[in-house]
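What follows is a single structure, written as structure tokens, with notes after it.
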Amino acid sequence: MPAEYSSLPDQASLWQPNRRRSRQVEGVVRLVCFMFAAISIVTTLGIVLTLIFETFDFFLDPFFRQDLWIDRLPQLLPEASDGQLQAIADQIQAADPKELWAQAEAIGVNPPSRIAGFFHALGRFLTDNRWTPLFQNANFGIFVLISATLLTTTIALAVAVPLGLLIAILLSEYAAPRLRQVLKPILELLAGVPSVVFGYFALLTVTPFLQRFIPFLQGFNALSAGMILGISILPLVASLSEDAINAVPQDLRQGAFAMGATKRETIQGVVIPAALSGIVASVILAMSRAIGETMIVSLAAGQNPQPIDGNFGFINPFIPVMTMTAFIVQVSLGDAAFGSLAYKTIFAVGMALFAMTLTLNIVSYWFVRRFREKYD
Amino acid sequence: MAPSPSEFLNPQPTVADLPGFAGNLPQRYSRDRLFQIAAWAATAIAIAVLSWLLFDIFSQGWGRLDWQFLTSFPSRRPKNAGIVGALAGTFWVMIIVALVSFPVGVGAGLYLEEFSSDNWFTRFIEINISNLAGVPSIIYGLLGLAAFVRILEPITGGRSVLAGALTLSLLVLPIIIVATREALRAVPEGIRLAGLAMGGSRWQVVWDHVLPAAIAGILTGVILALSRAIGETASLITIGALTFVPFTPGCTEDFPYFNPLDLLRCPVDVVQSPFTVMPIQIFNWVSRPQKGFHENAAAAIIVLLIMLVTMNSLAIVLRSRLKQPNI
């Protein structure tokens, strides 16, 4: 060691990084952050398991076993008169399930099995043409609610897709940069309006306004709910479509201009087809959002499930309907006890809703990947 | 049927075969003008609807907005009703949402961006988060009902502030995680490399250098997430937030009815209290038939919009600070 360094203090008194401690700290931090990241997986699992578990519980509810038994009564007791059958049916319906099964066992009668009850419930869920789960004479036709949801969603898309697409085109092709800087925050403002505010607007402003032109429009209706639903998803369509249009390379436009195409011809013939995958994906996402939207439809579209029958009330935009989300809200506002049939029903409806939106989200994701035009 | 780009770029052998190519120019230009007018009209419609909505709400509610309205509990008579219960509920729920979702969201973002290698598990979490962002909020409400209200009842106390806040935290987590990751990605790699070259551990570099550089972006995302949560109604109705609340959470009985220090003085009273929030109060008033309640709803919407605008302005200020070179 050279002499001039010999005056340095010895190793022990020098500052030493405490590597072991910093490694321990880092290990703890990593673990905590990992756990936080894993919360997202726990959330997904929680959603899926909750919905599946409670939906199964719904289909296994004793109500459906009793209901199936009543359905089978005419076969089981061919000699009984209609009046007798009705009396037995009333007894079965009114009986406490546990006592009923015990009694049946005591007198040696076989009630329908749990599995049979499950499939009976599933059948009623998918094929009933009415939705009256809270009434004495309960019906569980989920397609009543799905048709209302699709009705409001269709109206919403009829508003949001043309408007949103045209706004996206204006922003990306026509508007000067300074104007864009004004328009984009306005769209963000529109996107930030809470849905309950849109619900207020649809019910108390738009419906009375439309009633001036459509006198037979009822106070609750799918039309104004769907239109305002469309306004609420419009920023989503506009901004995602704009992203897709902006991703189209400038060369393609210039190529079209060089061929003598006008601006509109370039947009309609070149830009839109090139951005189509992104645009379609944005529309699908908007559709998924509209299906899951709650407050606008439960405030403005009403609480009246329309039976699926020859009167076609379920596709009438001028009368009150009940969407899937509106039903969940209706039950939640009431006092459904844990474990009651009404309580389980909202999870079964939630399961159908979740399945629909998840499918659409996956389709949208797949669509972008599958049909994206790649420009390198 | 519009030609696809490949058809357009590889036209038919002769120019004359192109449909409409030789068509008269004036007609094509007038179509152009029509199209442009349509695009402007669409934008004008969107702005007009927004203005109509704002005008309608302000003209209905402005007259109702006074000190009595801000400091009264709900009532059967619209003139006596107020929003103090809903304001306090929103205040407490948002405090807890911020306390829960900020560390968890930022931690998850840090893990994905700074601590994890690019393996299947990370990608799985990423796909999972983008899926969660597409789940309707009412489904989160069903999860909250089953998990926080029912299973965790001993902790949350049932349909309480805490159950609502945890539900909303899960709802906004994807937003915060995505914003955090974007903010972290915007920090130049050179800062990390320099820190590591000086002998810092990964965590020391992140804590001392990366996080301070990214914090403005992260906070912007958090504020935007909170402004999403503040207007959220459906999931809280599902977990059973009340619609008529003649009290405020916490242990401050008299004016002004809520005190941030309650969280230290009587935390259990606060978090396990039944509650309502602004959007639910609005929902309740809108769904009543009397006109007086509709005015109350409009006035409450004005208050809610003022909160939202304040939060968003804060986010914009932070975002503009972010644009300045601070490194």
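Every chain in the structure tokens has a letter given in the order shown (A, B, ...), and although residue numbers restart at 1 in each chain, ligands are simply numbered from 1 in the order shown.
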**Selection near B:Trp92, 8 Å with only C-alpha atoms, sequence-local residues under 5 positions removed, as a VMD selection string** = chain B and resid 161 249 270
Take the residues that were just selected and, keeping N, CA, C and O atoms, output them as a PDB file, in the first residue's frame.
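Below is the file selection31.pdb, written as the result:
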```pdb
ATOM      1  N   VAL B 161     -69.817   2.055   6.486  1.00  0.00           N
ATOM      2  CA  VAL B 161     -68.867   2.894   5.769  1.00  0.00           C
ATOM      3  C   VAL B 161     -67.690   2.050   5.269  1.00  0.00           C
ATOM      4  O   VAL B 161     -67.274   2.167   4.108  1.00  0.00           O
ATOM      5  N   PRO B 249     -71.779   9.510  10.407  1.00  0.00           N
ATOM      6  CA  PRO B 249     -70.867   8.564  11.048  1.00  0.00           C
ATOM      7  C   PRO B 249     -69.933   9.298  12.005  1.00  0.00           C
ATOM      8  O   PRO B 249     -69.642  10.474  11.807  1.00  0.00           O
ATOM      9  N   VAL B 270     -66.801   5.325  13.444  1.00  0.00           N
ATOM     10  CA  VAL B 270     -66.833   5.874  12.091  1.00  0.00           C
ATOM     11  C   VAL B 270     -67.009   4.765  11.069  1.00  0.00           C
ATOM     12  O   VAL B 270     -67.948   4.784  10.271  1.00  0.00           O
TER      13      VAL B 270
END
```
**Request:** Going by DSSP on the backbone, which bits of stretch 266-325 of chain A are helix (DSSP H, G or I)? Write them as a PyMOL selection string, please.
**Result:** chain A and resi 266-274+276-292+295-300+313-315+324-325
Please produce, as a Markdown table, a per-residue contact table for chain A versus chain B (criterion: any atom at most 6 Å away, only C-alpha atoms considered), showing the nearest atom pair and its distance in Å to one decimal, sorted by chain then residue number.
```
| residue | atom | partner | partner_atom | distance |
| --- | --- | --- | --- | --- |
| A:Glu26 | CA | B:Trp203 | CA | 5.6 |
| A:Cys33 | CA | B:Gly107 | CA | 4.6 |
| A:Phe34 | CA | B:Tyr111 | CA | 5.8 |
| A:Phe36 | CA | B:Ala108 | CA | 5.0 |
| A:Ala37 | CA | B:Ala108 | CA | 4.0 |
| A:Ile47 | CA | B:Leu143 | CA | 5.5 |
| A:Leu163 | CA | B:Ala42 | CA | 5.1 |
| A:Leu166 | CA | B:Ala39 | CA | 4.7 |
| A:Ile167 | CA | B:Thr43 | CA | 5.4 |
| A:Leu170 | CA | B:Ala39 | CA | 5.6 |
| A:Pro194 | CA | B:Gly231 | CA | 5.0 |
| A:Arg264 | CA | B:Asp32 | CA | 5.2 |
| A:Gly269 | CA | B:Ala2 | CA | 5.3 |
| A:Val270 | CA | B:Pro5 | CA | 5.3 |
| A:Pro273 | CA | B:Ser4 | CA | 5.8 |
| A:Gly292 | CA | B:Pro136 | CA | 4.9 |
| A:Ser332 | CA | B:Thr238 | CA | 5.2 |
```
**Request:** Name the residues in contact with stretch 72-74 of chain A at a cut-off of 10 Å, using only C-alpha atoms, excluding same-chain residues fewer than 2 positions from it; report them as number ranges by chain.
**Result:** A: 66-70, 76-82, 85-86, 88-89, 111-112
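Proximity ranking of B:Ile191, B:Ile127, B:Phe148, B:Gln60 relative to A:Tyr200 places B:Gln60 first, based on only C-alpha atoms.
With distances restricted to only C-alpha atoms, A:Val271 is the closest residue to A:Pro249 from A:Ser195, A:Leu234, A:Val109, A:Val271.
Non-sequential neighbours of A:Ser113 (distance at most 12 Å, separation of 6 or more positions within a chain, only C-alpha atoms) are Leu60, Asp61, Pro62, Phe64, Arg65, Gln66, Leu68, Trp69, Trp101, Phe119 and His120 of chain A.
Atom CA of A:Gln24 lies 23.6 Å from atom CA of B:Asn119.
Residue neighbourhood of A:Phe56, excluding near-sequence residues (fewer than 6 positions): Thr50, Phe118, Leu122, Lys344, Phe347 and Ala348 of chain A, at 10 Å, using only C-alpha atoms.
Using only C-alpha atoms for every distance, the candidate list B:Ala183, B:Ile83, B:Ile176, B:Cys251 yields B:Ile83 as the residue closest to B:Leu65.
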**Request:** Find the residues near A:Ile142: any atom within 9 Å, counting only C-alpha atoms, skip ones fewer than 2 places away on the same chain, and give them as a PyMOL selection string.
**Result:** chain A and resi 124-131+140+144-147+324+349+352
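Relative to atom CA of B:Gly250, atom CA of B:Gln272 is found at 9.0 Å.
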